[in-house]
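Just below is one structure, and these are the notes that go with it.
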2 protein chains.
Amino acid sequence: MKISCNQQILSKSLNTVSKAVSSRTTIPILKGILLEASSDGTLKLAASDLDLSIEKSIPVTVWEEGSIVVAAKLFIDIIRKLPNEEIEITEEEGRVTIKCLASEFTIVGQTADEFPSIGTIKEENSIRIEKELLKDMIKKTSFSASIEEAKGIIIGVLLEMDEEGMTMVALDGFRMAVTREKMESNDNIKIIIAARILNEINKIFSEEEASKEVDMIIDEKKAVFLIEGARIVLRIMEGEFVKYKDILPKEHQCKLKVNRSEMIDCLERASLLAKEGRNNLIKFSIIRDKIIITSRSEEGNVKEEIFVEKEGADLEIGFNAKYILDVMKFVSDEEVVMEFNTSVSPCLVKPIEGDGFEYLILPVRISTKTF
Amino acid sequence: MKISCNQQILSKSLNTVSKAVSSRTTIPILKGILLEASSDGTLKLAASDLDLSIEKSIPVTVWEEGSIVVAAKLFIDIIRKLPNEEIEITEEEGRVTIKCLASEFTIVGQTADEFPSIGTIKEENSIRIEKELLKDMIKKTSFSASIEEAKGIIIGVLLEMDEEGMTMVALDGFRMAVTREKMESNDNIKIIIAARILNEINKIFSEEEASKEVDMIIDEKKAVFLIEGARIVLRIMEGEFVKYKDILPKEHQCKLKVNRSEMIDCLERASLLAKEGRNNLIKFSIIRDKIIITSRSEEGNVKEEIFVEKEGADLEIGFNAKYILDVMKFVSDEEVVMEFNTSVSPCLVKPIEGDGFEYLILPVRISTKTF
């Protein structure tokens with residue numbers, strides 16, 4: 001293999017593909033990036049951790065076809081640190097030479113034979129989605145998924161599509177996030193994708209600033225996103241997702257309209273005394289037209305007050321401050337609605353208007369001893 | 001004690017004083033910040049790790065005199081997160097209450113009796129120094145000091161002052177940094193201060209943007225810097241510093257004029273294959289009008305070339321790339337001079353003109369096996 005190409009283009013594309021390089025794998029080939037030069041003047045870059053695979057082809061000058069797998073981290077570091085000039089990459093007997101002006105690197109490659117293939121992708125049934133919308137839904141949902149691999153299906157995000165639009169759902173046993181966007185679609189899709197993977201592709205979406213849209217293709221076992229010449233293949237998780245609609249409360253005893261940034265400030269201060277070892281425990285005392293937030297630890301105690309618009313009954317309820325803070329930070333509305341029933345039933349956070357998101361947060365039982 | 005003051009002023013001053021709070025101490029009182037309200041309308045903030053003590057007084061409204069020590073991290077976090085409004089701080093029976101708008105914190109304090117005192121400082125014999133100059137000398141020297149506490153005196157930086165000006169020296173057994181600045185002075189000073197402490201006060205100098213000058217007072221056992229109402233007291237290390245002048249080479253066999261940023265780029269690339277386990281070993285082959293930099297590891301090898309202006313003999317010499325990189329990054333000249341003698345004698349890096357800095361870097365013996 002022998003090619004030459006521009007440093008900037010190669011470096012940027014490597015950055016995209018690198019999102020699929022596994023840091024935790026014990027399979028040496030998965031720590032590598034595939035370089036495949038074809039006679040049509042393209043260099044295909046590919047990486048895969050089996051759950052997520054990314055391929056991107058870039059135009060290069062191909063002097064000699066061929067393919068090789070190079071150690072991802074080292075190769076990316078080398079290309080990144082070279083000047084913005086023409087780079088020549090040559091493979092001979094498993095050794096890869098990289099030349100650029102007066103710099104010359106020789107690194108050991110691995111044969112491309114065992115590199116996992118993405119397989120063929122039928123691009124006919126693709127669904128075009130606005131990129132920012134998809135990014136926003138992922139951002140607002142994925143943080144609520146479980147991060148414990150052992151928890152099975154709930155490390156995933158449910159992605160549903162029907163005639164009304166797209167819904168994403170994630171939960172971890174203590175909280176649940178549901179986001180919805182109206183969208184024209186004839187598709188009926190219901191798939192689960194690991195939240196970790198969605199977060200990785202969100203990074204790619206952010207970096208591909210030029211693209212306004214993403215094409216999505218759903219297959220039996222994989223979901224594919226096409227953006228800026230990159231093919232991103234995600235493994236679909238197998239299993240049944242939690243029946244989330246059954247969990248969403250249908251009524252409430254108390255409804256508040258809350259200023260979001262004020263709530264963030266108060267919770268951040270209250271959290272200073274709500275220690276992790278005690279589940280960041282804070283108490284909401286909803287009395288008349290305000291929430292009194294209190295917390296205490298061996299080091300001291302804190303009291304914060306927020307004025308709110310209220311309908312319904314007074315209530316005392318305990319929470320892990322982190323879960324409420326997460327919600328307030330991931331949404332962007334100036335004001336949100338919080339609905340409560342009893343001190344042992346979940347709180348629902350939703351927009352003032354519409355059903356763009358619904359967050360359910362389980363309370364923490366508070367004993368009279370702790371407060 | 002009862003005072004009220006503005007949040008921003010208090011927060012900024014706490015930030016300065018916090019540089020002296022020890023993170024590693026087992027003495028509870030040293031994890032605290034002293035608050036001392038006087039009838040003259042000032043609140044004195046103080047912190048000390050015994051090697052470094054900082055005091056700063058700010059104008060406040062004092063309703064009731066008194067003093068208390070509060071847990072530094074918690075108190076600073078609370079003040080930082082409060083809004084920019086008036087804060088009221090009250091101490092009663094060892095409990096400190098902090099009120100600001102609708103926020104109210106109560107934290108546990110410690111009695112101020114055992115807090116270490118800075119003692120009296122005679123401000124008569126102070127030496128006025130340009131702040132940026134002092135900052136720059138510390139920055140360019142302190143990184144060369146040893147970071148191993150067990151190494152004794154060489155964790156310190158030597159600060160010398162005589163009729164010609166100020167000199168700072170630091171070394172760690174592998175390299176040495178000497179910086180000089182001409183300065184009018186009648187003083188004859190020779191003290192050693194821990195590099196760690198100089199780095200902390202450099203942070204304060206950077207944050208006190210308004211001040212152009214610093215007053216320095218040298219006492220038998222302590223050095224004091226006065227800046228923006230803050231009194232910074234540093235313990236002087238006891239012992240004899242290395243006779244650095246004897247180490248500086250008087251002659252050279254080979255002298256190069258090198259472009260600094262080009263050298264940084266080449267060394268950073270070469271370092272990708274010069275692994276830490278092998279002391280970041282790189283080889284300089286100085287041949288005719290260029291340096292060929294090479295390095296190798298199990299993963300591959302690299303060759304870089306830099307054109308230079310040369311006087312003297314050709315040479316092959318090995319280095320820990322990190323030591324050369326550090327020097328090139330801490331100085332700011334466009335070009336520097338590198339002087340060599342043999343492959344086992346140190347390299348001297350100095351400016352094209354003058355003697356503002358001299359860096360000595362010991363070579364690494366290279367076997368024919370490694371290259």
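How things are named: the first chain in the structure tokens is A, the next is B, and so on; residues count from 1 in each chain; ligands count from 1 in the order shown.
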Dump as an MDAnalysis selection string the residues of chain A that approach chain B to within 8 Å, counting only C-alpha atoms. chainID A and resid 74 77:78 81:82 102:108 265:266 268:269 272 299:306
Which residues come within 10 Å of His252 of chain B, counting only C-alpha atoms, excluding same-chain residues fewer than 2 positions away, as a PyMOL selection string? chain B and resi 249-250+254-255+311-313+338-342+345+347-348
Next, the residues of the selection above should be written as a PDB file, in the first residue's frame with N, CA and C atoms.
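The result, stored in part-v3.pdb:
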```pdb
ATOM      1  N   PRO B 249      29.584  24.665  32.580  1.00  0.00           N
ATOM      2  CA  PRO B 249      30.775  24.450  31.746  1.00  0.00           C
ATOM      3  C   PRO B 249      31.334  25.784  31.245  1.00  0.00           C
ATOM      4  N   LYS B 250      32.640  25.832  31.147  1.00  0.00           N
ATOM      5  CA  LYS B 250      33.282  27.085  30.748  1.00  0.00           C
ATOM      6  C   LYS B 250      33.542  27.132  29.241  1.00  0.00           C
ATOM      7  N   CYS B 254      31.037  22.257  20.486  1.00  0.00           N
ATOM      8  CA  CYS B 254      30.029  22.354  19.423  1.00  0.00           C
ATOM      9  C   CYS B 254      28.945  23.312  19.883  1.00  0.00           C
ATOM     10  N   LYS B 255      28.590  24.263  19.025  1.00  0.00           N
ATOM     11  CA  LYS B 255      27.604  25.271  19.403  1.00  0.00           C
ATOM     12  C   LYS B 255      26.554  25.373  18.295  1.00  0.00           C
ATOM     13  N   GLU B 311      28.631  25.751  14.887  1.00  0.00           N
ATOM     14  CA  GLU B 311      30.078  26.000  14.966  1.00  0.00           C
ATOM     15  C   GLU B 311      30.661  24.827  15.729  1.00  0.00           C
ATOM     16  N   GLY B 312      31.765  24.235  15.210  1.00  0.00           N
ATOM     17  CA  GLY B 312      32.430  23.173  15.969  1.00  0.00           C
ATOM     18  C   GLY B 312      32.208  21.799  15.386  1.00  0.00           C
ATOM     19  N   ALA B 313      32.427  20.800  16.228  1.00  0.00           N
ATOM     20  CA  ALA B 313      32.502  19.413  15.794  1.00  0.00           C
ATOM     21  C   ALA B 313      31.139  18.730  15.723  1.00  0.00           C
ATOM     22  N   MET B 338      22.498  26.075  21.846  1.00  0.00           N
ATOM     23  CA  MET B 338      22.787  24.825  22.566  1.00  0.00           C
ATOM     24  C   MET B 338      24.279  24.559  22.431  1.00  0.00           C
ATOM     25  N   GLU B 339      24.937  24.333  23.573  1.00  0.00           N
ATOM     26  CA  GLU B 339      26.381  24.058  23.546  1.00  0.00           C
ATOM     27  C   GLU B 339      26.670  22.666  24.083  1.00  0.00           C
ATOM     28  N   PHE B 340      27.582  21.974  23.382  1.00  0.00           N
ATOM     29  CA  PHE B 340      27.925  20.602  23.765  1.00  0.00           C
ATOM     30  C   PHE B 340      29.440  20.461  23.884  1.00  0.00           C
ATOM     31  N   ASN B 341      29.868  19.446  24.652  1.00  0.00           N
ATOM     32  CA  ASN B 341      31.280  19.092  24.671  1.00  0.00           C
ATOM     33  C   ASN B 341      31.451  17.670  24.145  1.00  0.00           C
ATOM     34  N   THR B 342      31.207  16.675  24.994  1.00  0.00           N
ATOM     35  CA  THR B 342      31.306  15.295  24.522  1.00  0.00           C
ATOM     36  C   THR B 342      29.951  14.622  24.710  1.00  0.00           C
ATOM     37  N   SER B 345      29.031  14.601  28.407  1.00  0.00           N
ATOM     38  CA  SER B 345      29.007  15.830  29.205  1.00  0.00           C
ATOM     39  C   SER B 345      27.734  16.613  28.907  1.00  0.00           C
ATOM     40  N   CYS B 347      24.654  19.284  28.190  1.00  0.00           N
ATOM     41  CA  CYS B 347      24.333  20.284  27.167  1.00  0.00           C
ATOM     42  C   CYS B 347      23.911  21.564  27.885  1.00  0.00           C
ATOM     43  N   LEU B 348      24.364  22.692  27.367  1.00  0.00           N
ATOM     44  CA  LEU B 348      23.995  23.980  27.954  1.00  0.00           C
ATOM     45  C   LEU B 348      23.085  24.718  26.976  1.00  0.00           C
TER      46      LEU B 348
END
```
Segment 196-211 of chain A environment, 6 Å, only C-alpha atoms, sequence neighbours closer than 2 positions dropped, as an mmCIF file with N, CA and C atoms, in the first residue's frame:
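Saved as result23.cif:
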```cif
data_model
loop_
_atom_site.group_PDB
_atom_site.id
_atom_site.type_symbol
_atom_site.label_atom_id
_atom_site.label_comp_id
_atom_site.auth_asym_id
_atom_site.auth_seq_id
_atom_site.Cartn_x
_atom_site.Cartn_y
_atom_site.Cartn_z
ATOM 1 N N LYS A 135 -29.387 15.009 18.362
ATOM 2 C CA LYS A 135 -28.377 15.289 19.396
ATOM 3 C C LYS A 135 -29.031 15.670 20.717
ATOM 4 N N ALA A 194 -27.251 0.951 23.446
ATOM 5 C CA ALA A 194 -26.528 1.291 24.679
ATOM 6 C C ALA A 194 -26.294 2.798 24.761
ATOM 7 N N GLU A 213 -28.075 17.295 8.684
ATOM 8 C CA GLU A 213 -28.951 16.125 8.767
ATOM 9 C C GLU A 213 -28.191 14.813 8.857
#
```
Counting only C-alpha atoms, the option among A:Ala46, A:Leu52, A:Ile27, A:Ile287 closest to Ala223 of chain A: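 Result for the nearest residue to Ala223 of chain A: A:Leu52.
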How far is it from atom CA of Ile33 of chain B to atom CA of Leu45 of chain B, in Å with one decimal?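 A separation of 6.6 Å between them.
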